[in-house]
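*Asks:* So here's target23.txt, just compact mmCIF, C-alpha atoms:
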```txt
# COMPACT_ATOMS: atom_id res chain seq x y z
CA MET A 1 -213.88 -2.55 20.13
CA LYS A 2 -216.28 -0.48 22.26
CA LEU A 3 -215.26 1.51 25.28
CA ASN A 4 -217.82 2.56 27.83
CA THR A 5 -217.67 6.38 27.87
CA THR A 6 -218.51 6.64 31.58
CA LEU A 7 -215.58 4.45 32.43
CA LEU A 8 -213.35 6.45 30.16
CA PHE A 9 -214.36 9.58 32.06
CA ILE A 10 -213.59 7.95 35.42
CA ALA A 11 -210.34 6.63 34.05
CA VAL A 12 -209.23 10.02 32.80
CA SER A 13 -210.02 11.75 36.10
CA VAL A 14 -208.19 9.07 38.08
CA ASN A 15 -205.23 9.51 35.77
CA LEU A 16 -205.14 13.27 36.41
CA ILE A 17 -205.05 12.75 40.19
CA ASN A 18 -202.30 10.16 40.06
CA LYS A 19 -199.94 11.63 37.52
CA ALA A 20 -197.06 12.01 39.98
CA VAL A 21 -195.05 8.84 39.47
CA GLY A 22 -196.37 7.50 36.21
CA GLN A 23 -196.31 3.85 35.42
CA ASP A 24 -199.34 4.37 33.26
CA PHE A 25 -199.52 2.85 29.89
CA ILE A 26 -201.72 2.04 26.97
CA ARG A 27 -201.56 -1.54 25.84
CA ILE A 28 -202.62 -2.92 22.50
CA GLY A 29 -202.30 -6.55 21.67
CA ALA A 30 -203.77 -9.92 21.01
CA ALA A 31 -204.36 -12.66 23.51
CA HIS A 32 -204.99 -16.32 23.21
CA ASP A 33 -207.56 -17.39 25.75
CA PHE A 34 -206.81 -21.04 26.48
CA SER A 35 -210.10 -21.75 28.23
CA LYS A 36 -212.18 -20.49 25.32
CA ASN A 37 -209.64 -21.50 22.72
CA LYS A 38 -209.85 -18.26 20.84
CA VAL A 39 -207.79 -15.17 20.18
CA VAL A 40 -209.07 -11.80 21.31
CA GLN A 41 -207.81 -8.38 20.45
CA THR A 42 -206.95 -6.42 23.57
CA PHE A 43 -206.82 -2.74 24.20
CA SER A 44 -206.46 -1.35 27.69
CA PHE A 45 -205.63 1.72 29.65
CA ASP A 46 -203.66 0.97 32.74
CA PHE A 47 -203.47 3.62 35.40
CA ASN A 48 -200.88 3.25 38.15
CA ARG A 49 -200.90 -0.44 37.65
CA THR A 50 -199.24 -2.14 40.56
CA GLU A 51 -198.28 -5.47 39.04
CA LYS A 52 -195.70 -5.72 41.75
CA ILE A 53 -197.87 -6.01 44.80
CA ASP A 54 -195.78 -3.94 47.12
CA GLU A 55 -194.74 -1.40 44.54
CA LYS A 56 -196.01 1.90 45.78
CA LYS A 57 -197.09 4.36 43.20
CA GLY A 58 -198.52 7.65 44.28
CA ARG A 59 -197.66 10.37 46.73
CA PHE A 60 -197.25 9.73 50.42
CA LEU A 61 -199.71 11.57 52.64
CA LEU A 62 -197.30 10.96 55.46
CA PHE A 63 -193.90 9.40 55.95
CA ASP A 64 -192.37 10.17 59.31
CA HIS A 65 -188.91 9.67 60.80
CA ASN A 66 -190.05 6.43 62.44
CA ASN A 67 -190.92 5.09 59.00
CA PHE A 68 -194.66 5.08 59.55
CA TYR A 69 -196.42 5.90 56.32
CA ILE A 70 -199.81 6.59 54.80
CA LEU A 71 -200.05 6.17 51.05
CA PRO A 72 -203.30 6.29 49.09
CA THR A 73 -203.05 4.15 45.96
CA SER A 74 -205.30 3.41 43.08
CA ASP A 75 -205.07 0.77 40.42
CA VAL A 76 -207.55 1.27 37.65
CA ASN A 77 -207.33 -1.16 34.83
CA ILE A 78 -210.04 -1.14 32.25
CA GLY A 79 -210.09 -2.44 28.79
CA ASP A 80 -211.54 -4.60 26.20
CA GLY A 81 -210.42 -8.15 25.83
CA ILE A 82 -212.45 -10.02 28.40
CA THR A 83 -210.24 -12.22 30.49
CA SER A 84 -206.93 -11.17 29.07
CA SER A 85 -206.64 -8.14 31.33
CA GLU A 86 -207.76 -7.84 34.89
CA ASN A 87 -210.78 -5.63 34.65
CA ASN A 88 -210.84 -4.17 38.03
CA ILE A 89 -210.65 -1.03 40.06
CA LEU A 90 -208.75 -1.00 43.34
CA PHE A 91 -208.45 1.87 45.78
CA GLN A 92 -206.43 1.47 48.94
CA ILE A 93 -205.09 3.56 51.75
CA ASN A 94 -201.83 1.85 52.63
CA MET A 95 -200.91 2.47 56.27
CA GLY A 96 -197.83 0.80 57.54
CA LYS A 97 -194.40 0.75 59.03
CA ALA A 98 -191.29 0.02 57.05
CA PHE A 99 -188.08 -1.56 58.31
CA TYR A 100 -185.00 -0.90 56.21
CA GLY A 101 -182.06 -3.25 56.33
CA LYS A 102 -178.44 -2.17 56.01
CA GLU A 103 -177.12 -2.69 52.51
CA TRP A 104 -174.24 -5.08 51.86
CA LYS A 105 -171.89 -5.59 48.90
CA ASN A 106 -170.70 -8.74 47.20
CA LYS A 107 -167.00 -9.65 46.80
CA ASP A 108 -166.23 -7.60 43.70
CA ASN A 109 -168.11 -4.62 45.18
CA LEU A 110 -170.28 -4.23 42.08
CA ARG A 111 -173.47 -5.61 43.62
CA THR A 112 -175.39 -3.93 46.45
CA SER A 113 -178.26 -5.69 48.23
CA ALA A 114 -180.62 -5.11 51.12
CA TRP A 115 -183.53 -6.71 52.95
CA ASN A 116 -186.54 -4.54 53.69
CA LYS A 117 -189.71 -5.42 55.57
CA ALA A 118 -193.07 -3.79 56.01
CA MET A 119 -196.28 -4.34 57.93
CA GLU A 120 -199.46 -2.77 56.68
CA PHE A 121 -203.12 -2.32 57.33
CA ASN A 122 -204.97 -1.13 54.23
CA PRO A 123 -208.64 -0.14 54.04
CA SER A 124 -209.60 -1.11 50.50
CA TYR A 125 -212.24 -0.95 47.82
CA ASN A 126 -212.20 -3.33 44.88
CA SER A 127 -214.75 -3.73 42.13
CA ASP A 128 -215.03 -4.86 38.54
CA LYS A 129 -215.32 -2.27 35.80
CA LEU A 130 -219.11 -2.43 35.71
CA PHE A 131 -219.47 -2.30 39.52
CA GLN A 132 -221.31 -5.62 39.55
CA GLU A 133 -219.08 -7.00 42.28
CA LYS A 134 -217.99 -4.61 45.02
CA LEU A 135 -215.64 -5.43 47.87
CA VAL A 136 -215.04 -3.23 50.87
CA PHE A 137 -212.43 -4.64 53.23
CA GLY A 138 -209.48 -4.17 55.50
CA GLN A 139 -206.26 -5.85 54.48
CA PHE A 140 -203.46 -6.94 56.78
CA LYS A 141 -200.18 -7.49 55.01
CA PHE A 142 -196.63 -8.40 55.95
CA LEU A 143 -193.89 -8.15 53.36
CA VAL A 144 -190.23 -9.11 53.14
CA ASN A 145 -188.34 -7.70 50.17
CA LEU A 146 -184.86 -8.46 48.93
CA ILE A 147 -183.46 -5.93 46.47
CA SER A 148 -180.20 -6.09 44.62
CA GLN A 149 -178.54 -3.81 42.07
CA LYS A 150 -175.41 -4.36 40.00
CA HIS A 151 -173.18 -1.66 38.64
CA LYS A 152 -171.49 -1.99 35.28
CA ASP A 153 -167.95 -1.30 36.54
CA LYS A 154 -165.89 0.80 38.91
CA SER A 155 -165.40 3.75 36.59
CA GLU A 156 -166.70 7.21 37.40
CA ASN A 157 -169.32 6.97 34.68
CA THR A 158 -170.64 3.69 35.94
CA TYR A 159 -174.36 3.02 35.83
CA ILE A 160 -176.71 0.34 37.04
CA GLN A 161 -176.86 -2.62 34.71
CA ASN A 162 -179.50 -4.75 36.38
CA VAL A 163 -181.78 -4.76 39.39
CA HIS A 164 -183.59 -7.67 41.00
CA SER A 165 -186.39 -7.46 43.50
CA LEU A 166 -187.94 -10.43 45.29
CA THR A 167 -190.83 -10.07 47.71
CA PHE A 168 -192.60 -12.61 49.88
CA GLY A 169 -195.47 -11.96 52.18
CA GLY A 170 -198.69 -12.91 53.81
CA PHE A 171 -202.01 -11.17 53.71
CA SER A 172 -205.55 -11.39 54.97
CA ASN A 173 -208.64 -9.56 53.79
CA ILE A 174 -211.66 -9.08 56.04
CA GLY A 175 -214.73 -7.21 54.91
CA TYR A 176 -217.89 -7.36 52.91
CA ARG A 177 -218.96 -8.16 49.36
CA TYR A 178 -221.91 -6.58 47.57
CA SER A 179 -222.81 -8.73 44.60
CA LYS A 180 -225.15 -7.24 42.04
CA THR A 181 -224.60 -10.29 39.84
CA TYR A 182 -226.23 -12.59 42.40
CA ASP A 183 -228.29 -9.90 44.14
CA THR A 184 -226.82 -10.76 47.52
CA ASP A 185 -224.12 -9.75 49.95
CA ASN A 186 -221.89 -11.61 52.33
CA LEU A 187 -218.99 -11.47 54.73
CA TYR A 188 -215.78 -11.53 52.68
CA SER A 189 -212.65 -12.99 54.17
CA ASN A 190 -209.50 -14.74 52.98
CA ALA A 191 -205.92 -15.36 54.02
CA GLY A 192 -202.93 -16.28 51.95
CA ILE A 193 -199.44 -15.71 50.67
CA LEU A 194 -198.02 -13.59 47.92
CA MET A 195 -194.83 -13.49 45.93
CA ASP A 196 -193.39 -11.01 43.51
CA TYR A 197 -190.23 -11.08 41.43
CA LYS A 198 -188.97 -8.43 39.05
CA THR A 199 -185.79 -7.97 37.09
CA ARG A 200 -184.86 -4.90 35.07
CA ILE A 201 -181.96 -4.82 32.68
CA LEU A 202 -180.84 -1.30 31.86
CA ASN A 203 -178.65 0.41 29.31
CA SER A 204 -176.18 3.25 29.75
CA LYS A 205 -178.96 5.80 29.27
CA ASN A 206 -180.81 4.46 32.35
CA VAL A 207 -183.58 3.01 30.20
CA ASP A 208 -185.02 -0.47 30.83
CA ASN A 209 -184.12 -2.72 27.93
CA TRP A 210 -185.76 -5.79 29.41
CA ILE A 211 -188.28 -6.23 32.19
CA PHE A 212 -189.12 -9.64 33.52
CA LYS A 213 -191.82 -10.18 36.15
CA VAL A 214 -193.48 -13.05 37.96
CA THR A 215 -196.22 -12.23 40.45
CA GLY A 216 -198.51 -14.58 42.28
CA ASN A 217 -200.74 -15.18 45.22
CA TYR A 218 -202.51 -18.12 46.75
CA TYR A 219 -205.18 -17.86 49.42
CA HIS A 220 -207.79 -19.73 51.38
CA ILE A 221 -211.30 -18.37 50.86
CA ILE A 222 -212.65 -18.23 54.37
CA SER A 223 -215.93 -16.57 53.59
CA ASP A 224 -217.65 -15.19 50.49
CA VAL A 225 -220.86 -15.23 48.43
CA GLN A 226 -221.65 -18.92 47.84
CA GLN A 227 -222.55 -18.62 44.19
CA LEU A 228 -219.24 -17.12 43.16
CA THR A 229 -216.98 -20.08 43.67
CA ASN A 230 -217.02 -23.70 44.81
CA ASP A 231 -213.35 -23.75 45.58
CA ASN A 232 -211.83 -23.24 49.00
CA PHE A 233 -208.73 -21.75 47.47
CA GLY A 234 -208.00 -19.09 44.91
CA GLY A 235 -204.96 -17.56 43.40
CA ILE A 236 -203.34 -16.15 40.33
CA ILE A 237 -199.92 -16.22 38.73
CA LYS A 238 -198.84 -13.65 36.19
CA SER A 239 -195.58 -13.66 34.24
CA SER A 240 -194.41 -11.21 31.71
CA ILE A 241 -191.40 -10.26 29.66
CA ASP A 242 -191.06 -6.89 27.98
CA ARG A 243 -188.47 -5.59 25.56
CA LEU A 244 -187.80 -2.00 24.60
CA ILE A 245 -188.22 -1.46 20.87
CA PHE A 246 -187.96 2.32 20.72
CA LYS A 247 -188.49 5.27 23.06
CA ASN A 248 -191.18 4.54 25.68
CA THR A 249 -192.47 1.65 23.59
CA TYR A 250 -192.20 -1.97 24.59
CA ILE A 251 -193.24 -5.25 23.11
CA GLY A 252 -194.20 -7.91 25.58
CA LEU A 253 -195.45 -11.36 26.21
CA SER A 254 -197.51 -12.10 29.28
CA HIS A 255 -199.21 -15.09 30.73
CA LYS A 256 -201.97 -15.15 33.34
CA TYR A 257 -203.30 -18.20 35.06
CA GLY A 258 -205.73 -18.39 37.94
CA ASN A 259 -208.59 -16.40 39.40
CA ASP A 260 -209.27 -12.86 38.27
CA ASN A 261 -210.38 -10.24 40.81
CA PRO A 262 -212.96 -9.56 42.18
CA ASN A 263 -215.10 -12.48 41.02
CA TYR A 264 -212.71 -15.48 40.89
CA LYS A 265 -213.24 -15.68 37.16
CA TYR A 266 -210.87 -18.25 35.73
CA VAL A 267 -208.22 -16.85 33.42
CA ASN A 268 -205.67 -18.67 31.31
CA THR A 269 -204.33 -16.38 28.67
CA LEU A 270 -201.18 -15.67 26.75
CA GLU A 271 -200.93 -12.18 25.41
CA ILE A 272 -198.57 -10.43 23.05
CA SER A 273 -198.81 -6.69 23.19
CA THR A 274 -197.25 -3.33 22.52
CA LYS A 275 -197.08 -1.03 25.49
CA ILE A 276 -196.65 2.71 25.30
CA ARG A 277 -195.51 4.18 28.60
CA TYR A 278 -196.25 7.75 29.46
CA MET B 1 -167.65 16.81 57.62
CA THR B 2 -169.57 19.00 55.23
CA ASN B 3 -173.02 18.23 53.90
CA GLU B 4 -171.44 17.48 50.51
CA GLU B 5 -169.15 14.85 52.00
CA LYS B 6 -171.90 13.30 54.11
CA LEU B 7 -174.16 12.99 51.07
CA GLN B 8 -171.36 11.60 48.92
CA LYS B 9 -170.70 8.94 51.56
CA ILE B 10 -174.38 7.97 51.71
CA ILE B 11 -174.56 7.61 47.93
CA ALA B 12 -171.20 5.82 47.69
CA ALA B 13 -172.45 3.07 50.01
CA TYR B 14 -174.68 1.89 47.15
CA THR B 15 -171.90 1.93 44.57
CA PRO B 16 -168.45 0.37 43.99
CA LEU B 17 -166.95 3.88 44.09
CA ASP B 18 -165.09 5.78 46.75
CA TYR B 19 -167.11 8.72 48.08
CA THR B 20 -164.72 11.27 46.55
CA LYS B 21 -165.68 9.97 43.09
CA ILE B 22 -169.41 10.64 43.52
CA ASN B 23 -170.42 13.44 41.16
CA LEU B 24 -173.13 15.51 42.82
CA LYS B 25 -174.12 17.02 39.48
CA ARG B 26 -174.98 13.62 38.03
CA THR B 27 -178.48 12.10 38.05
CA ILE B 28 -178.64 9.62 40.93
CA LYS B 29 -181.44 7.35 39.77
CA ASP B 30 -180.23 4.24 37.99
CA ASN B 31 -176.70 5.63 37.78
CA TYR B 32 -175.76 5.38 41.45
CA ILE B 33 -178.96 4.17 43.09
CA ALA B 34 -181.75 2.12 41.51
CA THR B 35 -185.37 3.18 41.87
CA GLU B 36 -185.94 0.08 44.00
CA PHE B 37 -183.51 1.46 46.60
CA LYS B 38 -185.18 4.85 46.77
CA ASP B 39 -186.70 4.22 50.20
CA ASN B 40 -183.45 2.94 51.68
CA PHE B 41 -181.67 6.02 50.36
CA CYS B 42 -184.31 8.37 51.80
CA ASP B 43 -184.03 6.55 55.12
CA ASP B 44 -180.25 7.13 55.17
CA ILE B 45 -180.80 10.85 54.50
CA CYS B 46 -183.48 11.14 57.20
CA ILE B 47 -181.23 9.49 59.78
CA THR B 48 -178.34 11.86 58.97
CA TRP B 49 -180.41 15.06 58.82
CA ARG B 50 -183.14 14.78 61.42
CA LYS B 51 -184.80 18.09 60.59
CA ILE B 52 -185.67 17.18 57.04
CA ASN B 53 -189.33 16.79 56.02
CA ALA B 54 -189.42 13.03 55.43
CA THR B 55 -192.78 13.06 53.60
CA GLN B 56 -191.69 15.65 51.09
CA LEU B 57 -188.34 13.94 50.61
CA ARG B 58 -190.00 10.62 49.71
CA ASN B 59 -192.41 12.27 47.29
CA ASP B 60 -189.74 14.39 45.61
CA MET B 61 -186.88 11.88 45.47
CA PHE B 62 -185.93 11.01 41.88
CA VAL B 63 -188.85 13.16 40.68
CA ASN B 64 -187.83 16.72 41.52
CA LEU B 65 -184.62 15.75 43.32
CA LYS B 66 -182.57 14.23 40.55
CA THR B 67 -178.99 15.04 41.53
CA GLY B 68 -176.93 15.35 44.70
CA GLU B 69 -176.94 19.12 44.22
CA ASP B 70 -180.77 19.18 44.25
CA ILE B 71 -180.67 17.44 47.62
CA LEU B 72 -178.00 19.81 48.95
CA ILE B 73 -180.29 22.77 48.20
CA ILE B 74 -182.97 21.23 50.44
CA LEU B 75 -180.39 20.53 53.15
CA LYS B 76 -179.10 24.08 53.06
CA TYR B 77 -182.66 25.32 53.41
CA ILE B 78 -183.42 23.25 56.49
CA MET B 79 -180.12 24.13 58.17
CA LEU B 80 -181.05 27.84 58.17
```
Starting from the file, give its structure as structure tokens.
*Replies:*
Amino acid sequence: MKLNTTLLFIAVSVNLINKAVGQDFIRIGAAHDFSKNKVVQTFSFDFNRTEKIDEKKGRFLLFDHNNFYILPTSDVNIGDGITSSENNILFQINMGKAFYGKEWKNKDNLRTSAWNKAMEFNPSYNSDKLFQEKLVFGQFKFLVNLISQKHKDKSENTYIQNVHSLTFGGFSNIGYRYSKTYDTDNLYSNAGILMDYKTRILNSKNVDNWIFKVTGNYYHIISDVQQLTNDNFGGIIKSSIDRLIFKNTYIGLSHKYGNDNPNYKYVNTLEISTKIRY
Amino acid sequence: MTNEEKLQKIIAAYTPLDYTKINLKRTIKDNYIATEFKDNFCDDICITWRKINATQLRNDMFVNLKTGEDILIILKYIML
């Protein structure tokens, strides 16, 4: 289990910049890689991982009264375990406008829901951990998000028992790829749809007991380096279920199927892991 | 209506409780309002108090601003 020390240095400095709203974690586990029919041990650092595509982690540079916002985000995920974790680095400047819907209640008044929408344009940089494949592009995105929370009861000490969030959207990336692997570069462009579903089940101490997620995207590859893929379409679907075992520690099962970023590498893995959140 | 009452009403809209039952000393996140609704909540506050710094509010909500009282301190400051 070797970790490149340069990457570790980058990872640590990125972590220091983005400490504000931490969803960082260390993950240790074992994954069964279906395509290679073998089990690999996995160990990864995950900094500001945005499994939920529209989940914004980081501090807003700007958020005005008209709901225009500028939010720099980074998603650095490096580790050992080949295809069982997405080895990639993503930096984006999310610039958009949000539209908040009025919340409504269900009949017993315990459930509150709302529809939110957002339109974004995000200059982005995406590469693999060894910087062999580098993408520089602008991303257009439109998102529709339904959120819903349920309170335990109508008592004064009530708390939120579960929360669901469902997002649908469309996106298009237009930019350029620099491929060291194939010693070439090319116009990079795609267009597709994305979906994201998350459920949290909480206890009376406001801690997540269970977290269930399904995230996916599917896109048409309009233009890219020829050698990378023969397909006209790409996509990935990731599902996971995590259970709290003790403070800040979760055990989870996750499945990934589809094309890894940024090189369309095929992944089909089932991973069991322990996650320590900090 | 006082700031306290206005804030209680905003929070109560996300809960099955009447606004008079909202405890401003209690942590808001995941008791009254889930993290997922943070942006909706901030939007409600920005609409009610137009002078507030919306950027700072978003960044501080549920991080430094944990209770209704924390938010009231900010509101008192901008009303001066």
*Asks:* Just the number, please: distance in Å from CA of Leu202 (chain A) to CA of Lys38 (chain B), one decimal.
*Replies:*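 CA of Lys38 (chain B) lies 16.7 Å from CA of Leu202 (chain A).
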*Asks:* For chain A, report every residue with an atom at most 9 Å from chain B (counting only C-alpha atoms), formatted as an mmCIF file with C-alpha atoms, keeping the file's coordinate frame.
*Replies:*
```
data_model
loop_
_atom_site.group_PDB
_atom_site.id
_atom_site.type_symbol
_atom_site.label_atom_id
_atom_site.label_comp_id
_atom_site.auth_asym_id
_atom_site.auth_seq_id
_atom_site.Cartn_x
_atom_site.Cartn_y
_atom_site.Cartn_z
ATOM 1 C CA ALA A 20 -197.060 12.010 39.980
ATOM 2 C CA VAL A 21 -195.050 8.840 39.470
ATOM 3 C CA GLU A 55 -194.740 -1.400 44.540
ATOM 4 C CA GLY A 58 -198.520 7.650 44.280
ATOM 5 C CA ARG A 59 -197.660 10.370 46.730
ATOM 6 C CA PHE A 60 -197.250 9.730 50.420
ATOM 7 C CA LEU A 61 -199.710 11.570 52.640
ATOM 8 C CA LEU A 62 -197.300 10.960 55.460
ATOM 9 C CA PHE A 63 -193.900 9.400 55.950
ATOM 10 C CA ASP A 64 -192.370 10.170 59.310
ATOM 11 C CA HIS A 65 -188.910 9.670 60.800
ATOM 12 C CA ASN A 67 -190.920 5.090 59.000
ATOM 13 C CA TYR A 69 -196.420 5.900 56.320
ATOM 14 C CA TYR A 100 -185.000 -0.900 56.210
ATOM 15 C CA GLY A 101 -182.060 -3.250 56.330
ATOM 16 C CA LYS A 102 -178.440 -2.170 56.010
ATOM 17 C CA GLU A 103 -177.120 -2.690 52.510
ATOM 18 C CA TRP A 104 -174.240 -5.080 51.860
ATOM 19 C CA LYS A 105 -171.890 -5.590 48.900
ATOM 20 C CA ASP A 108 -166.230 -7.600 43.700
ATOM 21 C CA ASN A 109 -168.110 -4.620 45.180
ATOM 22 C CA LEU A 110 -170.280 -4.230 42.080
ATOM 23 C CA ARG A 111 -173.470 -5.610 43.620
ATOM 24 C CA THR A 112 -175.390 -3.930 46.450
ATOM 25 C CA SER A 113 -178.260 -5.690 48.230
ATOM 26 C CA ALA A 114 -180.620 -5.110 51.120
ATOM 27 C CA ASN A 116 -186.540 -4.540 53.690
ATOM 28 C CA ILE A 147 -183.460 -5.930 46.470
ATOM 29 C CA SER A 148 -180.200 -6.090 44.620
ATOM 30 C CA GLN A 149 -178.540 -3.810 42.070
ATOM 31 C CA LYS A 150 -175.410 -4.360 40.000
ATOM 32 C CA HIS A 151 -173.180 -1.660 38.640
ATOM 33 C CA ASP A 153 -167.950 -1.300 36.540
ATOM 34 C CA LYS A 154 -165.890 0.800 38.910
ATOM 35 C CA SER A 155 -165.400 3.750 36.590
ATOM 36 C CA GLU A 156 -166.700 7.210 37.400
ATOM 37 C CA ASN A 157 -169.320 6.970 34.680
ATOM 38 C CA THR A 158 -170.640 3.690 35.940
ATOM 39 C CA TYR A 159 -174.360 3.020 35.830
ATOM 40 C CA ILE A 160 -176.710 0.340 37.040
ATOM 41 C CA GLN A 161 -176.860 -2.620 34.710
ATOM 42 C CA ASN A 162 -179.500 -4.750 36.380
ATOM 43 C CA VAL A 163 -181.780 -4.760 39.390
ATOM 44 C CA HIS A 164 -183.590 -7.670 41.000
ATOM 45 C CA SER A 165 -186.390 -7.460 43.500
ATOM 46 C CA LEU A 202 -180.840 -1.300 31.860
ATOM 47 C CA SER A 204 -176.180 3.250 29.750
ATOM 48 C CA LYS A 205 -178.960 5.800 29.270
ATOM 49 C CA ASN A 206 -180.810 4.460 32.350
ATOM 50 C CA VAL A 207 -183.580 3.010 30.200
#
```
*Asks:* State, in Å with one decimal place, the distance from CA of Asn145 (chain A) to CA of Met119 (chain A).
*Replies:*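 One can read the CA of Asn145 (chain A) to CA of Met119 (chain A) distance as 11.6 Å.
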*Asks:* Can you work out the spacing between CA of Asn3 (chain B) and CA of Leu24 (chain B) in Å, to one decimal?
*Replies:*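 Rounded to one decimal, the two atoms are 11.4 Å apart.
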*Asks:* Any idea what's packed within 7 Å of region 125-128 of chain A, counting only C-alpha atoms, ignoring anything in its chain fewer than 5 positions away? Could you give it as a list in words?
*Replies:* Asn87, Asn88, Ile89, Leu90, Phe91, Gln92, Glu133, Lys134, Leu135, Val136, Phe137 and Pro262 of chain A
*Asks:* I'd like to know which of A:Ile251, A:Trp115, A:Asn173, A:Ala98 is closest to Gln139 (chain A), using only C-alpha atoms.
*Replies:*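 Answer, going by the shortest atom-to-atom distance: A:Asn173.
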*Asks:* Between A:Leu228, A:Arg277, A:Ile245, A:Ser240, single out the one closest to Lys265 (chain A), counting only C-alpha atoms.
*Replies:*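 Closest to Lys265 (chain A) of all the choices is A:Leu228.
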*Asks:* For Ser239 (chain A), please output as a PyMOL selection string all residues within 10 Å (counting all atoms listed in the file; exclusion window: fewer than 4 positions along the same chain).
*Replies:* chain A and resi 51+196-198+212-216+253-257+270
